[in-house]
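**Student:** I am sharing model00.cif, which consists of mmCIF, C-alpha atoms and all ligand atoms:
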```
data_entry
#
loop_
_atom_site.label_atom_id
_atom_site.label_comp_id
_atom_site.auth_asym_id
_atom_site.auth_seq_id
_atom_site.Cartn_x
_atom_site.Cartn_y
_atom_site.Cartn_z
CA MET T 55 100.83 74.36 81.24
CA GLU T 56 97.26 74.26 80.13
CA HIS T 57 95.71 75.30 83.44
CA VAL T 58 97.91 78.38 83.83
CA MET T 59 96.53 81.65 82.53
CA GLU T 60 98.95 84.48 81.87
CA HIS T 61 98.74 87.82 80.10
CA SER T 62 102.25 89.26 80.13
CA SER T 63 105.61 88.90 81.83
CA SER T 64 107.90 91.37 83.56
CA THR T 65 110.85 91.24 85.93
CA THR T 66 109.57 94.22 87.94
CA GLU T 67 106.39 92.47 89.01
CA VAL T 68 105.23 92.01 92.60
CA TRP T 69 103.26 88.77 92.91
CA VAL T 70 100.78 88.28 95.75
CA LEU T 71 100.26 84.54 96.34
CA GLY T 72 96.89 83.73 97.91
CA ALA T 73 95.43 86.99 96.63
CA THR T 74 91.84 85.82 97.26
CA GLY T 75 92.55 85.50 101.00
CA ARG T 76 91.91 87.96 103.84
CA SER T 77 95.56 89.05 103.91
CA GLY T 78 96.37 88.71 100.21
CA ARG T 79 93.56 90.87 98.88
CA THR T 80 94.24 93.69 101.35
CA ILE T 81 98.00 93.61 100.66
CA ALA T 82 97.19 93.84 96.93
CA ALA T 83 94.87 96.82 97.54
CA LYS T 84 97.52 98.57 99.67
CA LEU T 85 100.14 98.05 96.95
CA VAL T 86 97.80 99.61 94.37
CA ALA T 87 97.14 102.54 96.72
CA THR T 88 100.88 103.27 96.88
CA GLY T 89 101.45 102.97 93.14
CA THR T 90 102.52 99.34 92.66
CA MET T 91 100.30 97.19 90.41
CA PRO T 92 100.56 93.68 91.90
CA VAL T 93 99.96 90.44 90.04
CA LEU T 94 97.21 88.42 91.73
CA VAL T 95 98.17 84.76 92.07
CA GLY T 96 95.95 81.90 93.24
CA ARG T 97 93.98 78.82 92.32
CA ASP T 98 90.51 80.37 91.97
CA ARG T 99 90.21 82.35 88.73
CA ALA T 100 86.76 83.80 89.52
CA GLY T 101 87.90 84.76 93.02
CA LEU T 102 90.99 86.56 91.68
CA GLU T 103 88.91 88.45 89.11
CA LYS T 104 86.51 89.47 91.89
CA VAL T 105 89.44 90.83 93.93
CA ALA T 106 90.74 92.79 90.92
CA ALA T 107 87.25 94.21 90.32
CA ALA T 108 86.90 95.21 93.99
CA ILE T 109 90.27 96.98 93.86
CA GLY T 110 89.08 98.66 90.67
CA GLU T 111 92.12 97.98 88.51
CA ASP T 112 92.79 95.73 85.53
CA LEU T 113 95.36 93.63 87.41
CA ARG T 114 97.17 90.71 85.82
CA THR T 115 96.33 87.31 87.27
CA VAL T 116 98.21 84.03 87.34
CA VAL T 117 95.93 81.06 87.99
CA ALA T 118 97.51 77.76 88.97
CA PRO T 119 95.72 74.91 90.76
CA THR T 120 98.30 73.97 93.40
CA VAL T 121 101.20 75.43 95.35
CA GLU T 122 103.53 73.25 93.24
CA ALA T 123 102.11 74.78 90.03
CA ILE T 124 102.50 78.29 91.50
CA ILE T 125 106.13 77.47 92.36
CA ALA T 126 106.71 76.32 88.76
CA GLU T 127 105.31 79.64 87.48
CA ILE T 128 107.64 81.62 89.78
CA GLY T 129 110.59 79.70 88.33
CA ARG T 130 109.35 80.32 84.77
CA GLN T 131 108.28 83.98 84.96
CA ARG T 132 110.74 85.23 87.64
CA PRO T 133 108.87 88.14 89.23
CA ALA T 134 110.85 90.79 91.14
CA VAL T 135 109.07 90.18 94.49
CA VAL T 136 106.90 87.34 95.78
CA VAL T 137 104.53 87.97 98.72
CA ASN T 138 103.55 84.55 100.11
CA THR T 139 100.29 84.50 102.12
CA ILE T 140 99.57 80.78 101.58
CA GLY T 141 99.88 79.21 105.02
CA PRO T 142 100.75 76.99 106.71
CA PHE T 143 104.24 78.30 106.03
CA THR T 144 105.69 75.06 107.43
CA GLU T 145 104.52 73.62 104.09
CA THR T 146 105.01 76.53 101.66
CA GLY T 147 107.65 78.89 103.13
CA VAL T 148 110.97 77.23 102.27
CA LEU T 149 109.66 75.73 99.00
CA VAL T 150 108.42 79.06 97.65
CA ALA T 151 111.50 80.95 98.91
CA GLN T 152 113.84 78.46 97.25
CA ALA T 153 111.91 78.84 94.00
CA CYS T 154 112.42 82.62 94.28
CA LEU T 155 116.22 82.34 94.32
CA PRO T 156 118.13 83.44 92.31
CA SER T 157 115.74 85.98 90.74
CA SER T 158 113.05 87.13 93.18
CA HIS T 159 112.91 88.75 96.60
CA TYR T 160 110.49 86.98 98.98
CA LEU T 161 108.39 87.76 102.04
CA ASP T 162 105.83 85.85 104.06
CA LEU T 163 103.51 86.15 107.07
CA ALA T 164 104.94 83.21 109.03
CA ASN T 165 104.87 83.39 112.81
CA ASP T 166 105.68 79.89 114.00
CA MET T 167 108.75 78.34 115.54
CA VAL T 168 109.34 75.95 112.61
CA SER T 169 109.10 78.01 109.44
CA VAL T 170 110.68 81.25 110.70
CA PRO T 171 114.03 79.57 111.63
CA ALA T 172 113.86 77.34 108.52
CA LEU T 173 113.48 80.40 106.29
CA LEU T 174 116.34 82.20 108.08
CA ASP T 175 118.52 79.15 107.42
CA LEU T 176 118.41 80.14 103.71
CA HIS T 177 120.52 83.23 104.55
CA ASP T 178 123.70 82.10 102.75
CA ASP T 179 121.79 81.03 99.64
CA ALA T 180 120.04 84.41 99.54
CA VAL T 181 123.35 86.28 99.95
CA ALA T 182 124.88 84.22 97.13
CA ALA T 183 121.86 85.06 94.93
CA GLY T 184 121.90 88.75 95.90
CA ARG T 185 118.24 88.50 96.98
CA THR T 186 116.40 89.25 100.23
CA LEU T 187 114.01 86.92 102.05
CA VAL T 188 111.86 88.40 104.85
CA THR T 189 109.85 86.09 107.09
CA GLY T 190 107.32 87.21 109.71
CA ALA T 191 106.36 90.38 107.80
CA GLY T 192 103.21 91.05 109.83
CA PHE T 193 101.98 91.86 113.33
CA GLY T 194 103.80 88.65 114.19
CA VAL T 195 106.79 89.04 114.35
CA LEU T 196 107.32 92.79 113.92
CA ALA T 197 105.13 94.11 116.79
CA THR T 198 107.27 92.48 119.50
CA GLU T 199 110.58 92.27 117.61
CA SER T 200 110.61 96.05 117.07
CA VAL T 201 110.19 96.71 120.82
CA VAL T 202 113.04 94.33 121.71
CA LEU T 203 115.29 96.06 119.15
CA LYS T 204 114.38 99.48 120.59
CA LEU T 205 115.03 98.43 124.20
CA CYS T 206 118.35 96.75 123.33
CA GLU T 207 119.70 99.59 121.12
CA ASP T 208 123.28 100.44 122.23
CA ARG T 209 123.01 98.18 125.31
CA ARG T 210 124.90 95.11 126.47
CA THR T 211 123.41 91.66 125.93
CA PRO T 212 120.48 91.14 128.33
CA SER T 213 120.11 88.07 130.53
CA ARG T 214 116.34 87.70 130.20
CA VAL T 215 113.66 88.78 127.73
CA ARG T 216 109.93 88.27 127.68
CA VAL T 217 107.76 89.39 124.78
CA ASP T 218 103.96 89.42 124.70
CA ALA T 219 101.66 89.86 121.72
CA VAL T 220 98.20 91.31 122.32
CA PRO T 221 96.51 91.39 118.92
CA SER T 222 93.03 92.82 118.51
CA LEU T 223 91.25 92.56 115.18
CA ALA T 224 87.81 92.92 113.70
CA SER T 225 86.53 89.61 112.34
CA GLU T 226 84.71 89.32 109.03
CA ALA T 227 82.00 86.79 108.17
CA GLY T 228 83.25 83.61 106.52
CA VAL T 229 85.03 80.35 107.25
CA ILE T 230 88.35 80.31 109.10
CA GLY T 231 89.94 78.73 106.00
CA TRP T 232 92.69 76.18 105.45
CA ALA T 233 95.75 78.47 105.77
CA PHE T 234 94.88 79.93 109.17
CA ALA T 235 93.33 76.70 110.53
CA ALA T 236 96.35 74.57 109.63
CA THR T 237 98.69 77.20 111.11
CA LEU T 238 96.79 77.18 114.45
CA VAL T 239 96.53 73.38 114.65
CA ASP T 240 100.23 72.92 113.81
CA ALA T 241 101.24 75.40 116.54
CA MET T 242 99.12 73.47 119.05
CA ALA T 243 100.65 70.17 117.87
CA LEU T 244 104.20 71.50 118.31
CA GLY T 245 103.65 72.26 122.01
CA GLY T 246 105.42 74.98 123.99
CA ARG T 247 108.97 76.26 123.49
CA ARG T 248 111.30 78.77 125.20
CA PHE T 249 114.99 79.61 125.24
CA ASP T 250 116.71 78.59 128.44
CA ARG T 251 120.45 79.14 128.99
CA GLY T 252 120.88 79.68 125.26
CA ARG T 253 119.09 76.48 124.19
CA LEU T 254 115.64 76.02 122.70
CA VAL T 255 113.77 73.74 125.12
CA ARG T 256 110.31 72.23 125.29
CA ASP T 257 107.78 73.81 127.58
CA TRP T 258 104.16 73.25 128.52
CA PRO T 259 102.02 75.24 126.08
CA GLY T 260 100.33 78.10 127.89
CA SER T 261 102.84 78.03 130.76
CA GLU T 262 104.36 81.29 132.03
CA ALA T 263 100.84 82.72 132.17
CA LYS T 264 100.95 86.46 132.77
CA LYS T 265 98.39 89.18 133.38
CA LEU T 266 99.55 92.35 131.69
CA THR T 267 98.31 95.83 132.51
CA LEU T 268 98.31 97.68 129.19
CA PRO T 269 99.34 101.35 128.98
CA ASP T 270 95.65 102.30 128.51
CA GLY T 271 94.75 100.63 131.85
CA GLN T 272 93.08 97.53 130.35
CA THR T 273 94.39 94.06 131.19
CA ALA T 274 95.26 91.05 129.02
CA SER T 275 96.28 87.48 129.89
CA THR T 276 99.00 85.79 127.86
CA GLY T 277 100.54 82.32 127.86
CA SER T 278 103.78 81.21 126.23
CA GLY T 279 103.78 79.52 122.84
CA PRO T 280 106.05 78.33 120.00
CA THR T 281 105.79 81.49 117.93
CA GLY T 282 108.16 83.06 115.42
CA GLU T 283 108.16 86.00 117.86
CA LEU T 284 110.15 83.80 120.27
CA HIS T 285 112.87 83.21 117.67
CA ALA T 286 112.92 86.85 116.56
CA ALA T 287 113.22 88.12 120.17
CA TRP T 288 116.08 85.69 120.78
CA LEU T 289 117.93 86.94 117.68
CA ALA T 290 117.17 90.62 118.33
CA SER T 291 118.40 90.51 121.94
CA GLY T 292 121.04 87.76 121.98
CA SER T 293 119.61 86.88 125.41
CA PRO T 294 120.05 83.27 126.58
CA SER T 295 116.64 83.24 128.26
CA VAL T 296 113.57 84.19 126.22
CA VAL T 297 109.84 83.56 126.63
CA ALA T 298 107.16 84.64 124.13
CA GLY T 299 103.57 85.00 125.29
CA SER T 300 100.41 85.72 123.35
CA THR T 301 96.75 86.29 124.10
CA PHE T 302 96.13 83.63 121.41
CA VAL T 303 97.41 80.99 123.86
CA PRO T 304 94.71 80.12 126.43
CA THR T 305 95.66 80.76 130.04
CA ALA T 306 92.57 79.61 131.97
CA PRO T 307 93.75 76.79 134.32
CA MET T 308 91.15 74.30 133.02
CA ILE T 309 92.15 74.80 129.37
CA ARG T 310 95.86 74.93 130.23
CA ALA T 311 95.58 71.53 131.89
CA PHE T 312 94.05 70.18 128.67
CA LEU T 313 96.65 71.69 126.29
CA PRO T 314 99.34 68.98 126.75
CA VAL T 315 96.65 66.35 126.01
CA ALA T 316 95.68 68.24 122.84
CA THR T 317 99.36 68.46 121.83
CA GLY T 318 99.73 64.68 122.30
CA LEU T 319 96.59 63.91 120.28
CA LEU T 320 97.55 66.29 117.48
CA SER T 321 100.94 64.62 117.09
CA VAL T 322 99.00 61.74 115.46
CA PRO T 323 98.96 62.74 111.74
CA ALA T 324 95.39 61.51 111.08
CA VAL T 325 94.04 63.44 114.09
CA ARG T 326 95.92 66.55 112.99
CA ARG T 327 94.55 66.33 109.43
CA LEU T 328 91.03 65.94 110.79
CA ALA T 329 91.47 68.89 113.20
CA ARG T 330 92.81 71.10 110.39
CA ARG T 331 89.88 70.22 108.11
CA ARG T 332 87.26 70.71 110.83
CA LEU T 333 88.67 74.04 112.02
CA ALA T 334 89.04 75.32 108.43
CA ARG T 335 85.27 74.92 107.97
CA VAL T 336 84.28 76.75 111.17
CA ARG T 337 82.28 79.90 110.35
CA MET T 338 83.23 83.19 111.98
CA LYS T 339 80.71 85.88 112.75
CA PRO T 340 81.57 89.46 111.87
CA GLY T 341 82.56 91.40 114.95
CA PRO T 342 84.42 94.50 116.10
CA MET T 343 87.87 94.58 117.74
CA VAL T 344 87.76 93.41 121.38
CA ARG T 345 90.14 96.21 122.35
CA GLU T 346 90.68 99.65 120.85
CA HIS T 347 94.37 98.86 120.28
CA SER T 348 96.68 95.95 119.58
CA TRP T 349 99.95 95.81 121.50
CA GLY T 350 103.43 94.37 121.23
CA HIS T 351 105.26 94.26 124.56
CA ALA T 352 108.80 93.43 125.67
CA GLN T 353 110.44 93.34 129.09
CA VAL T 354 114.24 93.15 128.96
CA THR T 355 116.44 92.44 132.00
CA TRP T 356 120.23 92.82 132.13
CA PRO T 357 122.70 90.81 134.28
CA ASP T 358 123.02 93.72 136.78
CA GLY T 359 119.26 93.51 137.49
CA THR T 360 118.31 96.59 135.45
CA SER T 361 115.04 96.05 133.61
CA ARG T 362 113.23 98.07 130.91
CA GLY T 363 109.83 97.55 129.39
CA GLY T 364 108.28 98.92 126.23
CA TRP T 365 105.22 98.74 124.04
CA LEU T 366 104.23 99.16 120.43
CA ARG T 367 100.69 100.51 120.20
CA LEU T 368 98.78 100.03 116.97
CA GLY T 369 95.22 99.61 115.73
CA ASP T 370 93.74 96.49 114.11
CA ALA T 371 96.44 93.79 114.07
CA GLN T 372 95.27 92.39 110.71
CA ILE T 373 95.41 95.83 109.08
CA PHE T 374 98.89 96.32 110.58
CA THR T 375 99.95 92.93 109.13
CA THR T 376 98.88 93.90 105.62
CA ALA T 377 100.55 97.33 105.96
CA VAL T 378 103.84 95.69 107.04
CA ALA T 379 103.72 93.21 104.16
CA ALA T 380 102.89 95.88 101.55
CA GLU T 381 105.64 98.18 102.87
CA VAL T 382 108.23 95.37 102.91
CA ALA T 383 107.23 94.33 99.37
CA THR T 384 107.62 97.92 98.16
CA ARG T 385 111.04 98.31 99.79
CA LEU T 386 112.20 95.00 98.33
CA ALA T 387 110.94 96.04 94.89
CA HIS T 388 113.05 99.21 95.22
CA GLY T 389 116.11 97.15 96.24
CA ASP T 390 116.20 98.78 99.68
CA ALA T 391 117.51 95.74 101.63
CA HIS T 392 120.72 93.81 102.05
CA PRO T 393 120.81 90.35 100.48
CA GLY T 394 120.12 87.56 102.99
CA ALA T 395 117.27 86.12 105.05
CA TYR T 396 115.85 88.25 107.86
CA THR T 397 112.91 89.01 110.09
CA PRO T 398 111.42 92.44 109.24
CA GLY T 399 113.01 94.38 112.12
CA ALA T 400 116.41 92.86 111.35
CA ALA T 401 116.05 93.82 107.66
CA PHE T 402 114.75 97.38 108.08
CA GLY T 403 115.21 98.33 111.75
CA PRO T 404 112.53 98.87 114.41
CA GLU T 405 111.37 102.13 112.78
CA LEU T 406 109.60 100.03 110.13
CA ALA T 407 106.89 99.44 112.76
CA ALA T 408 106.47 103.20 113.25
CA ASP T 409 106.50 103.81 109.48
CA VAL T 410 103.40 101.62 109.13
CA GLY T 411 101.45 103.21 111.97
CA GLY T 412 102.82 101.76 115.22
CA GLU T 413 103.75 104.01 118.14
CA PHE T 414 106.49 103.13 120.63
CA ILE T 415 105.91 103.71 124.35
CA LEU T 416 109.18 102.96 126.14
CA ASP T 417 110.05 103.05 129.87
N1 LIG H 501 102.22 86.97 110.94
C1 LIG H 501 101.02 87.47 111.19
O1 LIG H 501 100.84 88.34 112.04
C2 LIG H 501 99.84 86.95 110.42
C3 LIG H 501 98.68 87.72 110.33
C4 LIG H 501 97.62 87.24 109.55
C5 LIG H 501 97.72 85.99 108.93
N2 LIG H 501 98.85 85.26 109.09
C6 LIG H 501 99.00 83.94 108.43
O2 LIG H 501 98.90 84.16 107.03
C7 LIG H 501 98.26 83.06 106.41
C8 LIG H 501 97.07 83.59 105.59
O3 LIG H 501 96.08 84.05 106.47
P1 LIG H 501 94.69 84.58 105.90
O4 LIG H 501 93.87 84.94 107.09
O5 LIG H 501 94.94 85.57 104.84
O6 LIG H 501 94.13 83.22 105.25
P2 LIG H 501 93.01 83.04 104.14
O7 LIG H 501 92.05 84.17 104.13
O8 LIG H 501 92.49 81.64 104.34
O9 LIG H 501 93.83 83.09 102.76
C9 LIG H 501 94.67 82.05 102.39
C10 LIG H 501 94.97 82.14 100.89
O10 LIG H 501 95.78 81.01 100.54
C11 LIG H 501 95.19 80.32 99.47
N3 LIG H 501 95.47 78.89 99.58
C12 LIG H 501 95.29 78.10 100.67
N4 LIG H 501 95.69 76.84 100.41
C13 LIG H 501 96.14 76.85 99.10
C14 LIG H 501 96.67 75.86 98.25
N5 LIG H 501 96.84 74.60 98.67
N6 LIG H 501 97.01 76.21 96.99
C15 LIG H 501 96.83 77.48 96.55
N7 LIG H 501 96.33 78.46 97.31
C16 LIG H 501 95.99 78.15 98.58
C17 LIG H 501 93.69 80.60 99.58
O11 LIG H 501 93.11 80.39 98.31
P3 LIG H 501 91.54 80.08 98.11
O12 LIG H 501 90.82 81.42 98.25
O13 LIG H 501 91.48 79.53 96.72
O14 LIG H 501 91.16 79.08 99.18
C18 LIG H 501 93.71 82.06 100.01
O15 LIG H 501 93.90 82.89 98.89
C19 LIG H 501 97.87 82.10 107.54
O16 LIG H 501 98.86 81.10 107.64
C20 LIG H 501 97.88 82.97 108.79
O17 LIG H 501 98.19 82.22 109.94
C21 LIG H 501 99.92 85.71 109.81
#
```
Let me see whether you can do it: turn the structure in this file into structure tokens.
Ligand SMILES: NC(=O)c1ccc[n+]([C@@H]2O[C@H](COP(=O)([O-])OP(=O)(O)OC[C@H]3O[C@@H](n4cnc5c(N)ncnc54)[C@H](OP(=O)(O)O)[C@@H]3O)[C@@H](O)[C@H]2O)c1
**Tutor:**
Amino acid sequence: MEHVMEHSSSTTEVWVLGATGRSGRTIAAKLVATGTMPVLVGRDRAGLEKVAAAIGEDLRTVVAPTVEAIIAEIGRQRPAVVVNTIGPFTETGVLVAQACLPSSHYLDLANDMVSVPALLDLHDDAVAAGRTLVTGAGFGVLATESVVLKLCEDRRTPSRVRVDAVPSLASEAGVIGWAFAATLVDAMALGGRRFDRGRLVRDWPGSEAKKLTLPDGQTASTGSGPTGELHAAWLASGSPSVVAGSTFVPTAPMIRAFLPVATGLLSVPAVRRLARRRLARVRMKPGPMVREHSWGHAQVTWPDGTSRGGWLRLGDAQIFTTAVAAEVATRLAHGDAHPGAYTPGAAFGPELAADVGGEFILD
């Protein structure tokens, strides 16, 4: 292909797709810091070269103009591991993962209720190929999934679980960008979800509003949403009743009343496309973290009424995300996982969260 630039080929390579992005470039830098030379993959040659220069290494680049062209290159060059940071994962997750089988391990940063289960549905194909697919390899889903796994270790199946994500991150100057904007708009368009008596049911977005008192005494308000964390908590606990809250979901009564209207409007494809485009262009101002820590929280209740709560404390949620992804990529490159499709805690156990800087605080 004329538009594809390549310098060499190797089956031990770790490819970072979307390496010009906020997540991709930091994951690439973290891989270099721990001794893995990643291949930077994206559509913007100058941007990729700038990232390589900033990292300070002569990293190989693969430039391809579209996701389809990137997928074709994965099939042709068969890297050992593919790190997918090109959201929305509803559009890229399954396609890229399928292109990885039978040769490459795969991980992504998905945290929505559509792409996380869709990726996990590839489990049998991944087992047959002897490859591992990890979805949700970031703050979402690991910060809450790891706490659920800890609380449920060696216990009977609980009757009720609630998880809450309280991310705090420094923002850098620049536009929100297509990947993140489309992910947010699609989540809003999907509306709320929860597990009730073992079934995934619709819910009002932002319902189940909760005011949490964090272990450091601060407070945070969360509302329920259709996150990948919901699916991961359901799998990790086996509980028939699961709710996932996040500070990303607005809880103020005025906004909550408007959310179902927004969901209805965004179900119209033209409105959704417009909302994605508009949001992608919104400029963010640089700013510090709103809280000193980010938190993952889980409250697990058993049929006899016993209840346990726990927290994962960590720093900047975006830095944690890139640390999780880099660590998972390294472990996959070393062949340290069973074949199949998993969330990160299911693949490597809850201690993965501690290995990348999280600290458990359990009741
Ligand atoms: N699970 C978690 O906790 C977590 C945490 C952080 C982010 N995320 C998710 O991860 C994704 C990336 O976030 P981010 O903040 O890193 O976004 P970002 O800074 O906008 O980076 C996105 C990357 O994808 C590339 N890209 C976008 N559309 C493309 C296309 N059609 N073809 C080829 N490349 C394309 C961009 O390339 P250009 O530079 O050429 O535009 C850029 O390199 C988002 O979906 C976000 O929601 C999840």
**Student:** Counting all atoms listed in the file, which protein, DNA or RNA residues come within 7 Å of ligand LIG 501 (chain H), given as number ranges by chain?
**Tutor:** T: 72-78, 96-98, 101, 119-121, 139-143, 163-165, 190-195, 230-234, 237-238, 372, 375
**Student:** Between T:Leu284, T:Leu333, T:Val181, T:Met242, which has the minimum distance to Ser321 (chain T) (counting all atoms listed in the file)?
**Tutor:**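 The answer is T:Met242, which sits nearest to Ser321 (chain T).
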**Student:** Can you tell me how far CA of His177 (chain T) sits from CA of Ser158 (chain T), in Å to one decimal?
**Tutor:**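 Separating CA of His177 (chain T) from CA of Ser158 (chain T) is a distance of 14.2 Å.
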**Student:** Around the point (103.6, 104.4, 133.3) in the file's coordinates, collect all residues with an atom within 12 Å, using all atoms listed in the file, and return them as JSON, numbers by chain.
**Tutor:** {"T": [267, 268, 269, 270, 271, 362, 363, 364, 365, 415, 416, 417]}
**Student:** Give as JSON, numbers by chain each residue that has an atom at most 12 Å from (127.7, 94.8, 125.7) in the file, counting only C-alpha atoms.
**Tutor:** {"T": [206, 207, 208, 209, 210, 211, 212, 213, 291, 292, 293, 356, 357]}
**Student:** Would you output that residue set with C-alpha atoms, as an mmCIF file, in the frame of the given file?
**Tutor:**
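Output saved as selection_32.cif:
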```cif
data_model
loop_
_atom_site.group_PDB
_atom_site.id
_atom_site.type_symbol
_atom_site.label_atom_id
_atom_site.label_comp_id
_atom_site.auth_asym_id
_atom_site.auth_seq_id
_atom_site.Cartn_x
_atom_site.Cartn_y
_atom_site.Cartn_z
ATOM 1 C CA CYS T 206 118.350 96.750 123.330
ATOM 2 C CA GLU T 207 119.700 99.590 121.120
ATOM 3 C CA ASP T 208 123.280 100.440 122.230
ATOM 4 C CA ARG T 209 123.010 98.180 125.310
ATOM 5 C CA ARG T 210 124.900 95.110 126.470
ATOM 6 C CA THR T 211 123.410 91.660 125.930
ATOM 7 C CA PRO T 212 120.480 91.140 128.330
ATOM 8 C CA SER T 213 120.110 88.070 130.530
ATOM 9 C CA SER T 291 118.400 90.510 121.940
ATOM 10 C CA GLY T 292 121.040 87.760 121.980
ATOM 11 C CA SER T 293 119.610 86.880 125.410
ATOM 12 C CA TRP T 356 120.230 92.820 132.130
ATOM 13 C CA PRO T 357 122.700 90.810 134.280
#
```
**Student:** When you draw a straight line from CA of Val202 (chain T) to CA of Trp288 (chain T), how long is it in Å?
**Tutor:**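 These two atoms are separated by 9.2 Å.
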**Student:** State, in Å with one decimal place, the distance from CA of Val68 (chain T) to CA of Glu122 (chain T).
**Tutor:**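 Separation of CA of Val68 (chain T) and CA of Glu122 (chain T): 18.8 Å.
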**Student:** Could you list, as a list in words, every residue within 8 Å of Ala235 (chain T), counting only C-alpha atoms and ignoring same-chain residues fewer than 6 positions away?
**Tutor:**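 Result of the neighbour search: Arg330, Arg331, Leu333 and Ala334 of chain T.
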**Student:** Here is a test: counting all atoms listed in the file, which residue of T:Leu313, T:Ala274, T:Val303, T:Ala387 is nearest to Arg345 (chain T)?
**Tutor:**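 Counting all atoms listed in the file, the residue closest to Arg345 (chain T) is T:Ala274.
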**Student:** Go through T:Cys154, T:Val217, T:Leu319, T:Ala183 and flag the residue nearest Ser278 (chain T), using only C-alpha atoms for the distances.
**Tutor:**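 For Ser278 (chain T), the nearest of the candidates is T:Val217.
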**Student:** Using all atoms listed in the file for the distances, tell me which of T:Ala241, T:Leu223, T:Leu203, T:Val315 is nearest to Thr281 (chain T).
**Tutor:**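 Closest residue, counting all atoms listed in the file: T:Ala241.
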**Student:** Tell me which protein, DNA and RNA residues are within 12 Å of Leu406 (chain T), counting all atoms listed in the file, leaving out same-chain ones fewer than 3 positions away, and put them as an MDAnalysis selection string.
**Tutor:** chainID T and resid 191:193 196:197 199:201 203:204 366 374 377:382 385 397:403 409:414
**Student:** Find the axis-aligned box for region 296-305 of chain T, covering all its listed atoms and adding 4 Å on each side, and write its centre and edge lengths in Å to one decimal as AutoDock Vina command-line options.
**Tutor:**
```
--center_x 104.1 --center_y 83.2 --center_z 125.7 --size_x 26.9 --size_y 14.2 --size_z 16.6
```
**Student:** Kindly reconstruct region 138-149 of chain T with N, CA, C and O atoms and present the result as a PDB file, keeping the file's coordinate frame.
**Tutor:**
```pdb
ATOM      1  N   ASN T 138     104.193  85.851  99.887  1.00  0.00           N
ATOM      2  CA  ASN T 138     103.550  84.550 100.110  1.00  0.00           C
ATOM      3  C   ASN T 138     102.586  84.638 101.301  1.00  0.00           C
ATOM      4  O   ASN T 138     103.023  84.839 102.434  1.00  0.00           O
ATOM      5  N   THR T 139     101.272  84.513 101.020  1.00  0.00           N
ATOM      6  CA  THR T 139     100.290  84.500 102.120  1.00  0.00           C
ATOM      7  C   THR T 139      99.630  83.119 102.244  1.00  0.00           C
ATOM      8  O   THR T 139      98.633  82.972 102.940  1.00  0.00           O
ATOM      9  N   ILE T 140     100.178  82.113 101.535  1.00  0.00           N
ATOM     10  CA  ILE T 140      99.570  80.780 101.580  1.00  0.00           C
ATOM     11  C   ILE T 140     100.151  79.975 102.740  1.00  0.00           C
ATOM     12  O   ILE T 140     101.219  79.373 102.631  1.00  0.00           O
ATOM     13  N   GLY T 141      99.469  80.022 103.888  1.00  0.00           N
ATOM     14  CA  GLY T 141      99.880  79.210 105.020  1.00  0.00           C
ATOM     15  C   GLY T 141      99.328  77.800 104.856  1.00  0.00           C
ATOM     16  O   GLY T 141      98.489  77.562 103.978  1.00  0.00           O
ATOM     17  N   PRO T 142      99.741  76.818 105.674  1.00  0.00           N
ATOM     18  CA  PRO T 142     100.750  76.990 106.710  1.00  0.00           C
ATOM     19  C   PRO T 142     102.143  77.097 106.086  1.00  0.00           C
ATOM     20  O   PRO T 142     102.473  76.342 105.179  1.00  0.00           O
ATOM     21  N   PHE T 143     102.940  78.027 106.614  1.00  0.00           N
ATOM     22  CA  PHE T 143     104.240  78.300 106.030  1.00  0.00           C
ATOM     23  C   PHE T 143     105.233  77.163 106.294  1.00  0.00           C
ATOM     24  O   PHE T 143     106.272  77.089 105.659  1.00  0.00           O
ATOM     25  N   THR T 144     104.879  76.276 107.240  1.00  0.00           N
ATOM     26  CA  THR T 144     105.690  75.060 107.430  1.00  0.00           C
ATOM     27  C   THR T 144     105.673  74.249 106.134  1.00  0.00           C
ATOM     28  O   THR T 144     106.595  73.501 105.858  1.00  0.00           O
ATOM     29  N   GLU T 145     104.627  74.390 105.332  1.00  0.00           N
ATOM     30  CA  GLU T 145     104.520  73.620 104.090  1.00  0.00           C
ATOM     31  C   GLU T 145     104.921  74.431 102.859  1.00  0.00           C
ATOM     32  O   GLU T 145     105.367  73.865 101.872  1.00  0.00           O
ATOM     33  N   THR T 146     104.749  75.747 102.882  1.00  0.00           N
ATOM     34  CA  THR T 146     105.010  76.530 101.660  1.00  0.00           C
ATOM     35  C   THR T 146     106.237  77.441 101.762  1.00  0.00           C
ATOM     36  O   THR T 146     106.802  77.803 100.726  1.00  0.00           O
ATOM     37  N   GLY T 147     106.647  77.828 102.972  1.00  0.00           N
ATOM     38  CA  GLY T 147     107.650  78.890 103.130  1.00  0.00           C
ATOM     39  C   GLY T 147     108.961  78.596 102.404  1.00  0.00           C
ATOM     40  O   GLY T 147     109.349  79.301 101.467  1.00  0.00           O
ATOM     41  N   VAL T 148     109.643  77.523 102.835  1.00  0.00           N
ATOM     42  CA  VAL T 148     110.970  77.230 102.270  1.00  0.00           C
ATOM     43  C   VAL T 148     110.849  76.879 100.787  1.00  0.00           C
ATOM     44  O   VAL T 148     111.666  77.324  99.969  1.00  0.00           O
ATOM     45  N   LEU T 149     109.809  76.132 100.412  1.00  0.00           N
ATOM     46  CA  LEU T 149     109.660  75.730  99.000  1.00  0.00           C
ATOM     47  C   LEU T 149     109.507  76.938  98.086  1.00  0.00           C
ATOM     48  O   LEU T 149     110.166  77.043  97.044  1.00  0.00           O
TER      49      LEU T 149
END
```
